[in-house]
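First the structure, in the form of structure tokens, and then the observations on it.
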Amino acid sequence: MTTASTTDQDRTPEPVYAVLIHGWGGSPHSWDPVVWPKDWHVLEYTLPGHAERFDDGPWTIRSASEDLARYIETHVPAGHPALLIAHSMGGQLSLWMNANRPDLVAGEVVIDPAYGGDDSAEDVAQSVSTLSALRADAYGTMREFIKGAFSPYLGQEARQAIVDDIPRTNPKALADYFESEYLDDDSFGLKRDSRPMMARRTRPVLGIYRTEERGDFERENDPDSVPVEISVWGSDHGHFLHMEEPERFAGEVIAWADRIGSLGRIGVPDGIGSSVLVG
């Protein structure tokens, strides 16, 4: 008598729960151009202070990350870690989650994330100046910032959607988040502060960047034990890569998710839940 063994091919695929995390001054509308697989459970998280959460606070990276953790605990079934897909400042939240709540994370996709920023004295002084400008005129300062983030790949409809999101964001939230990203004592947006947080990751990472330099920073600072893949699109692209070429973006993310295995079976660190292997 023989007993049939269960192989990866025999297993029922684990459901994929993807949580989309938009960036600073944005909204879930930034994901509108992207088409995801029909069998994925896609959840669009809204940052406090943004869009329909205009008056929700407080507005710090830590408080927003803790809010995101509660969102995942509420909307994703227990035992199904989520694939976090995060743009810009959203990448700080997904990094915080990977470092602090790996029990909720299957893997992490970061799109030109807001960490690894230059940390020279001149750069810090510029951040102080930008914060002052945000305190004085948040919307005007954001509109100027956005101009430098566009590229020829970004269509007019996408540009207008980005611009329209600015006044839908609480102006004080824009300034408070910026301070929390780069200037607060517990910030981790600058290179010197990003490295310790990145070193605490345990979940796979896909980084989508414009330049090799930014991609190299990701490769060099994530632990050797963490699978890291980098996709560099080129400096002729802008900040909103997922909106510039949504089909390319979705294709890369879906292929990567397949490579890292059935997302529900990613290993969990000792002491956090049960440990299982990637298929």
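Chains: A, B, ... in order of the structure tokens. Residues: from 1 per chain. Ligands: from 1, in order shown.
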Please provide the set of residues having any atom within 12 Å of Val163 (chain A), restricted to only C-alpha atoms, with same-chain residues fewer than 2 positions apart removed, written as a PDB file with N, CA, C and O atoms, in the first residue's frame.
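Once written, result.pdb looks like this:
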```
ATOM      1  N   GLY A  25       0.436  62.996   0.306  1.00  0.00           N
ATOM      2  CA  GLY A  25      -0.387  63.878  -0.506  1.00  0.00           C
ATOM      3  C   GLY A  25      -1.183  63.181  -1.582  1.00  0.00           C
ATOM      4  O   GLY A  25      -1.765  63.843  -2.447  1.00  0.00           O
ATOM      5  N   GLY A  26      -1.247  61.862  -1.526  1.00  0.00           N
ATOM      6  CA  GLY A  26      -1.963  61.106  -2.552  1.00  0.00           C
ATOM      7  C   GLY A  26      -3.243  60.491  -2.020  1.00  0.00           C
ATOM      8  O   GLY A  26      -3.804  60.920  -1.018  1.00  0.00           O
ATOM      9  N   SER A  27      -3.702  59.453  -2.702  1.00  0.00           N
ATOM     10  CA  SER A  27      -4.913  58.739  -2.288  1.00  0.00           C
ATOM     11  C   SER A  27      -4.933  57.397  -3.018  1.00  0.00           C
ATOM     12  O   SER A  27      -4.124  57.156  -3.926  1.00  0.00           O
ATOM     13  N   HIS A  29      -6.681  56.620  -5.317  1.00  0.00           N
ATOM     14  CA  HIS A  29      -6.896  56.832  -6.756  1.00  0.00           C
ATOM     15  C   HIS A  29      -5.605  56.650  -7.556  1.00  0.00           C
ATOM     16  O   HIS A  29      -5.653  56.403  -8.770  1.00  0.00           O
ATOM     17  N   SER A  30      -4.456  56.764  -6.889  1.00  0.00           N
ATOM     18  CA  SER A  30      -3.190  56.596  -7.613  1.00  0.00           C
ATOM     19  C   SER A  30      -3.027  55.180  -8.155  1.00  0.00           C
ATOM     20  O   SER A  30      -2.226  54.946  -9.065  1.00  0.00           O
ATOM     21  N   TYR A 139      -0.079  73.581   0.368  1.00  0.00           N
ATOM     22  CA  TYR A 139      -0.543  73.219  -0.974  1.00  0.00           C
ATOM     23  C   TYR A 139       0.362  73.787  -2.062  1.00  0.00           C
ATOM     24  O   TYR A 139       0.690  73.101  -3.039  1.00  0.00           O
ATOM     25  N   GLY A 140       0.776  75.036  -1.911  1.00  0.00           N
ATOM     26  CA  GLY A 140       1.672  75.626  -2.902  1.00  0.00           C
ATOM     27  C   GLY A 140       3.003  74.897  -2.957  1.00  0.00           C
ATOM     28  O   GLY A 140       3.554  74.647  -4.039  1.00  0.00           O
ATOM     29  N   MET A 142       3.556  71.769  -2.122  1.00  0.00           N
ATOM     30  CA  MET A 142       3.328  70.455  -2.724  1.00  0.00           C
ATOM     31  C   MET A 142       3.218  70.539  -4.238  1.00  0.00           C
ATOM     32  O   MET A 142       3.747  69.683  -4.954  1.00  0.00           O
ATOM     33  N   ARG A 143       2.561  71.563  -4.738  1.00  0.00           N
ATOM     34  CA  ARG A 143       2.430  71.697  -6.195  1.00  0.00           C
ATOM     35  C   ARG A 143       3.799  71.879  -6.852  1.00  0.00           C
ATOM     36  O   ARG A 143       4.038  71.367  -7.950  1.00  0.00           O
ATOM     37  N   GLU A 144       4.680  72.609  -6.192  1.00  0.00           N
ATOM     38  CA  GLU A 144       6.035  72.774  -6.729  1.00  0.00           C
ATOM     39  C   GLU A 144       6.787  71.448  -6.683  1.00  0.00           C
ATOM     40  O   GLU A 144       7.516  71.111  -7.618  1.00  0.00           O
ATOM     41  N   PHE A 145       6.637  70.706  -5.599  1.00  0.00           N
ATOM     42  CA  PHE A 145       7.284  69.400  -5.470  1.00  0.00           C
ATOM     43  C   PHE A 145       6.830  68.455  -6.581  1.00  0.00           C
ATOM     44  O   PHE A 145       7.635  67.752  -7.201  1.00  0.00           O
ATOM     45  N   ILE A 146       5.530  68.459  -6.830  1.00  0.00           N
ATOM     46  CA  ILE A 146       4.956  67.546  -7.816  1.00  0.00           C
ATOM     47  C   ILE A 146       5.521  67.794  -9.205  1.00  0.00           C
ATOM     48  O   ILE A 146       5.756  66.860  -9.975  1.00  0.00           O
ATOM     49  N   LYS A 147       5.767  69.060  -9.550  1.00  0.00           N
ATOM     50  CA  LYS A 147       6.293  69.379 -10.884  1.00  0.00           C
ATOM     51  C   LYS A 147       7.572  68.609 -11.173  1.00  0.00           C
ATOM     52  O   LYS A 147       7.792  68.136 -12.290  1.00  0.00           O
ATOM     53  N   ALA A 149       8.394  65.769 -10.019  1.00  0.00           N
ATOM     54  CA  ALA A 149       8.198  64.327  -9.907  1.00  0.00           C
ATOM     55  C   ALA A 149       7.594  63.715 -11.162  1.00  0.00           C
ATOM     56  O   ALA A 149       7.520  62.497 -11.286  1.00  0.00           O
ATOM     57  N   PHE A 150       7.153  64.570 -12.104  1.00  0.00           N
ATOM     58  CA  PHE A 150       6.540  64.079 -13.330  1.00  0.00           C
ATOM     59  C   PHE A 150       7.604  63.728 -14.369  1.00  0.00           C
ATOM     60  O   PHE A 150       8.725  64.235 -14.340  1.00  0.00           O
ATOM     61  N   GLN A 156      -1.622  62.735 -19.146  1.00  0.00           N
ATOM     62  CA  GLN A 156      -2.301  63.907 -18.609  1.00  0.00           C
ATOM     63  C   GLN A 156      -3.349  63.533 -17.570  1.00  0.00           C
ATOM     64  O   GLN A 156      -3.508  64.225 -16.560  1.00  0.00           O
ATOM     65  N   GLU A 157      -4.077  62.451 -17.791  1.00  0.00           N
ATOM     66  CA  GLU A 157      -5.103  62.045 -16.833  1.00  0.00           C
ATOM     67  C   GLU A 157      -4.478  61.694 -15.489  1.00  0.00           C
ATOM     68  O   GLU A 157      -4.999  62.069 -14.428  1.00  0.00           O
ATOM     69  N   ALA A 158      -3.360  60.990 -15.531  1.00  0.00           N
ATOM     70  CA  ALA A 158      -2.671  60.626 -14.292  1.00  0.00           C
ATOM     71  C   ALA A 158      -2.125  61.868 -13.595  1.00  0.00           C
ATOM     72  O   ALA A 158      -2.217  61.997 -12.369  1.00  0.00           O
ATOM     73  N   ARG A 159      -1.578  62.796 -14.360  1.00  0.00           N
ATOM     74  CA  ARG A 159      -1.069  64.043 -13.765  1.00  0.00           C
ATOM     75  C   ARG A 159      -2.179  64.794 -13.050  1.00  0.00           C
ATOM     76  O   ARG A 159      -1.993  65.294 -11.935  1.00  0.00           O
ATOM     77  N   GLN A 160      -3.334  64.866 -13.695  1.00  0.00           N
ATOM     78  CA  GLN A 160      -4.439  65.607 -13.098  1.00  0.00           C
ATOM     79  C   GLN A 160      -4.922  64.927 -11.820  1.00  0.00           C
ATOM     80  O   GLN A 160      -5.270  65.597 -10.837  1.00  0.00           O
ATOM     81  N   ALA A 161      -4.935  63.602 -11.807  1.00  0.00           N
ATOM     82  CA  ALA A 161      -5.361  62.875 -10.612  1.00  0.00           C
ATOM     83  C   ALA A 161      -4.427  63.163  -9.438  1.00  0.00           C
ATOM     84  O   ALA A 161      -4.877  63.323  -8.291  1.00  0.00           O
ATOM     85  N   ASP A 165      -5.428  65.367  -5.898  1.00  0.00           N
ATOM     86  CA  ASP A 165      -5.338  64.792  -4.554  1.00  0.00           C
ATOM     87  C   ASP A 165      -4.753  65.767  -3.533  1.00  0.00           C
ATOM     88  O   ASP A 165      -4.983  65.605  -2.325  1.00  0.00           O
ATOM     89  N   ILE A 166      -3.998  66.758  -3.987  1.00  0.00           N
ATOM     90  CA  ILE A 166      -3.317  67.659  -3.046  1.00  0.00           C
ATOM     91  C   ILE A 166      -4.302  68.365  -2.116  1.00  0.00           C
ATOM     92  O   ILE A 166      -4.165  68.277  -0.880  1.00  0.00           O
ATOM     93  N   PRO A 167      -5.322  69.074  -2.630  1.00  0.00           N
ATOM     94  CA  PRO A 167      -6.241  69.764  -1.711  1.00  0.00           C
ATOM     95  C   PRO A 167      -7.169  68.835  -0.948  1.00  0.00           C
ATOM     96  O   PRO A 167      -7.892  69.290  -0.054  1.00  0.00           O
ATOM     97  N   ARG A 168      -7.141  67.560  -1.267  1.00  0.00           N
ATOM     98  CA  ARG A 168      -7.925  66.582  -0.520  1.00  0.00           C
ATOM     99  C   ARG A 168      -7.139  66.047   0.678  1.00  0.00           C
ATOM    100  O   ARG A 168      -7.611  65.171   1.402  1.00  0.00           O
ATOM    101  N   THR A 169      -5.922  66.579   0.867  1.00  0.00           N
ATOM    102  CA  THR A 169      -5.078  66.195   1.990  1.00  0.00           C
ATOM    103  C   THR A 169      -5.042  67.335   3.003  1.00  0.00           C
ATOM    104  O   THR A 169      -4.954  68.507   2.625  1.00  0.00           O
TER     105      THR A 169
END
```
Can you tell me, as an mmCIF file with C-alpha atoms, in the first residue's frame, what residues are no more than 9 Å from Gly238 (chain A) when counting only C-alpha atoms, ignoring any on the same chain fewer than 4 positions away?
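So result.cif came out as:
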```
data_model
loop_
_atom_site.group_PDB
_atom_site.id
_atom_site.type_symbol
_atom_site.label_atom_id
_atom_site.label_comp_id
_atom_site.auth_asym_id
_atom_site.auth_seq_id
_atom_site.Cartn_x
_atom_site.Cartn_y
_atom_site.Cartn_z
ATOM 1 C CA GLY A 148 9.700 67.789 -10.373
ATOM 2 C CA ALA A 149 8.198 64.327 -9.907
ATOM 3 C CA PHE A 150 6.540 64.079 -13.330
ATOM 4 C CA SER A 151 8.117 62.526 -16.409
ATOM 5 C CA PRO A 152 7.144 62.184 -20.095
ATOM 6 C CA TYR A 153 5.829 58.692 -19.294
ATOM 7 C CA LEU A 154 3.044 60.134 -17.133
ATOM 8 C CA ARG A 210 14.565 55.021 -11.181
ATOM 9 C CA GLY A 234 15.931 54.495 -15.659
ATOM 10 C CA GLU A 244 3.667 55.806 -15.707
#
```
Exercise. Fewer than 5 positions away in the same chain doesn't count, so skip those; otherwise give me all residues within 9 Å of Val226 (chain A), counting only C-alpha atoms, as a PyMOL selection string.
Key: chain A and resi 201-205
Would you mind exporting C-alpha atoms of the selected residues as a PDB file, in the first residue's frame?
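Generated file (out-v8.pdb):
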```pdb
ATOM      1  CA  ARG A 201      13.639  43.279   7.859  1.00  0.00           C
ATOM      2  CA  THR A 202      12.805  39.578   7.646  1.00  0.00           C
ATOM      3  CA  ARG A 203      10.400  39.546   4.698  1.00  0.00           C
ATOM      4  CA  PRO A 204      11.223  39.533   0.953  1.00  0.00           C
ATOM      5  CA  VAL A 205      11.534  42.897  -0.780  1.00  0.00           C
TER       6      VAL A 205
END
```
When you look at Leu83 (chain A) with a cut-off of 8 Å (counting only C-alpha atoms), what residues show up, excluding the ones that are within fewer than 4 positions of it in the same chain? I need them as a PDB file with N, CA, C and O atoms, in the first residue's frame.
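Okay, result.pdb is ready:
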```
ATOM      1  N   VAL A  16      -4.030  35.398  -2.130  1.00  0.00           N
ATOM      2  CA  VAL A  16      -3.128  36.540  -2.033  1.00  0.00           C
ATOM      3  C   VAL A  16      -3.925  37.753  -1.562  1.00  0.00           C
ATOM      4  O   VAL A  16      -4.900  38.155  -2.192  1.00  0.00           O
ATOM      5  N   TYR A  17      -3.508  38.313  -0.451  1.00  0.00           N
ATOM      6  CA  TYR A  17      -4.091  39.549   0.054  1.00  0.00           C
ATOM      7  C   TYR A  17      -3.052  40.648  -0.140  1.00  0.00           C
ATOM      8  O   TYR A  17      -1.979  40.618   0.470  1.00  0.00           O
ATOM      9  N   ALA A  18      -3.347  41.588  -1.024  1.00  0.00           N
ATOM     10  CA  ALA A  18      -2.434  42.686  -1.325  1.00  0.00           C
ATOM     11  C   ALA A  18      -2.997  43.973  -0.739  1.00  0.00           C
ATOM     12  O   ALA A  18      -4.155  44.322  -0.980  1.00  0.00           O
ATOM     13  N   VAL A  19      -2.181  44.685   0.032  1.00  0.00           N
ATOM     14  CA  VAL A  19      -2.591  45.956   0.617  1.00  0.00           C
ATOM     15  C   VAL A  19      -1.793  47.062  -0.066  1.00  0.00           C
ATOM     16  O   VAL A  19      -0.557  47.073  -0.029  1.00  0.00           O
ATOM     17  N   VAL A 105       3.082  40.430   7.469  1.00  0.00           N
ATOM     18  CA  VAL A 105       3.683  40.743   6.168  1.00  0.00           C
ATOM     19  C   VAL A 105       4.179  39.487   5.469  1.00  0.00           C
ATOM     20  O   VAL A 105       4.971  38.722   6.023  1.00  0.00           O
ATOM     21  N   ALA A 106       3.722  39.288   4.224  1.00  0.00           N
ATOM     22  CA  ALA A 106       4.231  38.200   3.391  1.00  0.00           C
ATOM     23  C   ALA A 106       5.425  38.658   2.567  1.00  0.00           C
ATOM     24  O   ALA A 106       6.386  37.925   2.357  1.00  0.00           O
ATOM     25  N   GLY A 107       5.371  39.864   2.096  1.00  0.00           N
ATOM     26  CA  GLY A 107       6.427  40.445   1.279  1.00  0.00           C
ATOM     27  C   GLY A 107       6.138  41.921   1.105  1.00  0.00           C
ATOM     28  O   GLY A 107       5.050  42.398   1.445  1.00  0.00           O
ATOM     29  N   GLU A 108       7.103  42.630   0.560  1.00  0.00           N
ATOM     30  CA  GLU A 108       7.010  44.085   0.505  1.00  0.00           C
ATOM     31  C   GLU A 108       7.503  44.594  -0.847  1.00  0.00           C
ATOM     32  O   GLU A 108       8.628  44.298  -1.257  1.00  0.00           O
ATOM     33  N   VAL A 109       6.662  45.341  -1.555  1.00  0.00           N
ATOM     34  CA  VAL A 109       7.040  46.010  -2.800  1.00  0.00           C
ATOM     35  C   VAL A 109       7.126  47.502  -2.508  1.00  0.00           C
ATOM     36  O   VAL A 109       6.159  48.104  -2.044  1.00  0.00           O
ATOM     37  N   LEU A 263       2.258  33.062  -0.975  1.00  0.00           N
ATOM     38  CA  LEU A 263       2.454  34.104   0.019  1.00  0.00           C
ATOM     39  C   LEU A 263       1.967  33.708   1.403  1.00  0.00           C
ATOM     40  O   LEU A 263       2.464  34.217   2.402  1.00  0.00           O
TER      41      LEU A 263
END
```
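The residue that comes closest to Ile254 (chain A), out of A:Ala199, A:Leu95, A:Leu241, A:Leu206 and on the basis of only C-alpha atoms, is A:Leu206.
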Quiz item: Using the chain letters and numbers from this document, which residues of region 1-238 of chain A does DSSP assign to helix (DSSP H, G or I), as number ranges by chain?
Solution: A: 28-31, 51-53, 61-75, 90-100, 102-104, 121-136, 138-147, 156-168, 171-182, 191-198, 212-221
Quiz item: Which residue out of A:Ser187, A:Gln126, A:Ser132, A:Thr74 has the minimum interatomic distance to Ile61 (chain A) when only C-alpha atoms are used?
Solution: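 Closest to Ile61 (chain A) of all the choices is A:Ser187.
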Which residues, written as an mmCIF file with N, CA and C atoms, in the first residue's frame, have at least one atom at most 8 Å from region 46-50 of chain A, with only C-alpha atoms counted and residues fewer than 3 positions away on the same chain left out?
```cif
data_model
loop_
_atom_site.group_PDB
_atom_site.id
_atom_site.type_symbol
_atom_site.label_atom_id
_atom_site.label_comp_id
_atom_site.auth_asym_id
_atom_site.auth_seq_id
_atom_site.Cartn_x
_atom_site.Cartn_y
_atom_site.Cartn_z
ATOM 1 N N ILE A 21 -0.582 50.896 -0.486
ATOM 2 C CA ILE A 21 -0.323 52.016 0.419
ATOM 3 C C ILE A 21 0.169 53.195 -0.417
ATOM 4 N N HIS A 22 -0.668 54.202 -0.569
ATOM 5 C CA HIS A 22 -0.317 55.351 -1.411
ATOM 6 C C HIS A 22 0.701 56.249 -0.707
ATOM 7 N N GLY A 25 0.436 62.996 0.306
ATOM 8 C CA GLY A 25 -0.387 63.878 -0.506
ATOM 9 C C GLY A 25 -1.183 63.181 -1.582
ATOM 10 N N GLY A 26 -1.247 61.862 -1.526
ATOM 11 C CA GLY A 26 -1.963 61.106 -2.552
ATOM 12 C C GLY A 26 -3.243 60.491 -2.020
ATOM 13 N N SER A 27 -3.702 59.453 -2.702
ATOM 14 C CA SER A 27 -4.913 58.739 -2.288
ATOM 15 C C SER A 27 -4.933 57.397 -3.018
ATOM 16 N N PRO A 28 -5.871 56.521 -2.657
ATOM 17 C CA PRO A 28 -5.986 55.251 -3.390
ATOM 18 C C PRO A 28 -6.259 55.418 -4.884
ATOM 19 N N ARG A 53 -10.172 60.539 4.820
ATOM 20 C CA ARG A 53 -9.681 60.556 6.207
ATOM 21 C C ARG A 53 -9.005 61.895 6.521
ATOM 22 N N PHE A 54 -9.479 62.942 5.914
ATOM 23 C CA PHE A 54 -8.895 64.286 6.003
ATOM 24 C C PHE A 54 -8.635 64.712 7.449
ATOM 25 N N ASP A 55 -9.556 64.425 8.343
ATOM 26 C CA ASP A 55 -9.447 64.885 9.732
ATOM 27 C C ASP A 55 -8.921 63.827 10.688
ATOM 28 N N ASP A 56 -8.642 62.619 10.193
ATOM 29 C CA ASP A 56 -8.108 61.573 11.062
ATOM 30 C C ASP A 56 -6.636 61.834 11.367
ATOM 31 N N GLY A 57 -6.244 61.673 12.579
ATOM 32 C CA GLY A 57 -4.855 61.861 12.952
ATOM 33 C C GLY A 57 -4.465 60.861 14.031
ATOM 34 N N PRO A 58 -3.270 61.013 14.628
ATOM 35 C CA PRO A 58 -2.231 62.015 14.338
ATOM 36 C C PRO A 58 -1.483 61.691 13.055
ATOM 37 N N TRP A 59 -0.515 62.563 12.708
ATOM 38 C CA TRP A 59 0.141 62.464 11.408
ATOM 39 C C TRP A 59 1.646 62.265 11.558
ATOM 40 N N ALA A 64 0.839 56.288 11.818
ATOM 41 C CA ALA A 64 0.229 55.777 10.586
ATOM 42 C C ALA A 64 0.563 54.298 10.392
ATOM 43 N N ARG A 168 -7.141 67.560 -1.267
ATOM 44 C CA ARG A 168 -7.925 66.582 -0.520
ATOM 45 C C ARG A 168 -7.139 66.047 0.678
ATOM 46 N N THR A 169 -5.922 66.579 0.867
ATOM 47 C CA THR A 169 -5.078 66.195 1.990
ATOM 48 C C THR A 169 -5.042 67.335 3.003
ATOM 49 N N ASN A 170 -5.109 67.006 4.278
ATOM 50 C CA ASN A 170 -5.053 68.012 5.328
ATOM 51 C C ASN A 170 -3.707 68.738 5.258
ATOM 52 N N ALA A 173 -1.334 67.929 7.966
ATOM 53 C CA ALA A 173 -0.824 66.564 7.840
ATOM 54 C C ALA A 173 0.380 66.514 6.904
#
```
Exercise. Calculate how many Å separate CA of Leu104 (chain A) from CA of Glu44 (chain A), rounding to one decimal.
Key: 15.9 Å
Quiz item: CA of His80 (chain A) and CA of Phe240 (chain A), how far apart in Å?
Solution: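 Answer for the CA of Phe240 (chain A) to CA of His80 (chain A) separation: 28.7 Å.
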Quiz prompt | Members of region 55-142 of chain A assigned strand (DSSP E) by DSSP, as a PyMOL selection string | solution = chain A and resi 82-87+105-111
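Ranking A:Leu20, A:Val228, A:Val76, A:Val35 by their shortest atom-to-atom distance to Arg248 (chain A), with only C-alpha atoms included, puts A:Val35 first.
Near region 183-185 of chain A, within 12 Å and counting only C-alpha atoms, sit Thr60, Ile61, Arg62, Gly117, Asp119, Asp123, Val124, Ala125, Gln126, Ser127, Val128, Ser129, Thr130, Leu131, Ser132, Ala175, Asp176, Tyr177, Phe178, Glu179, Gly189, Leu190 and Asp193 of chain A, not including residues fewer than 4 positions from it in the same chain.
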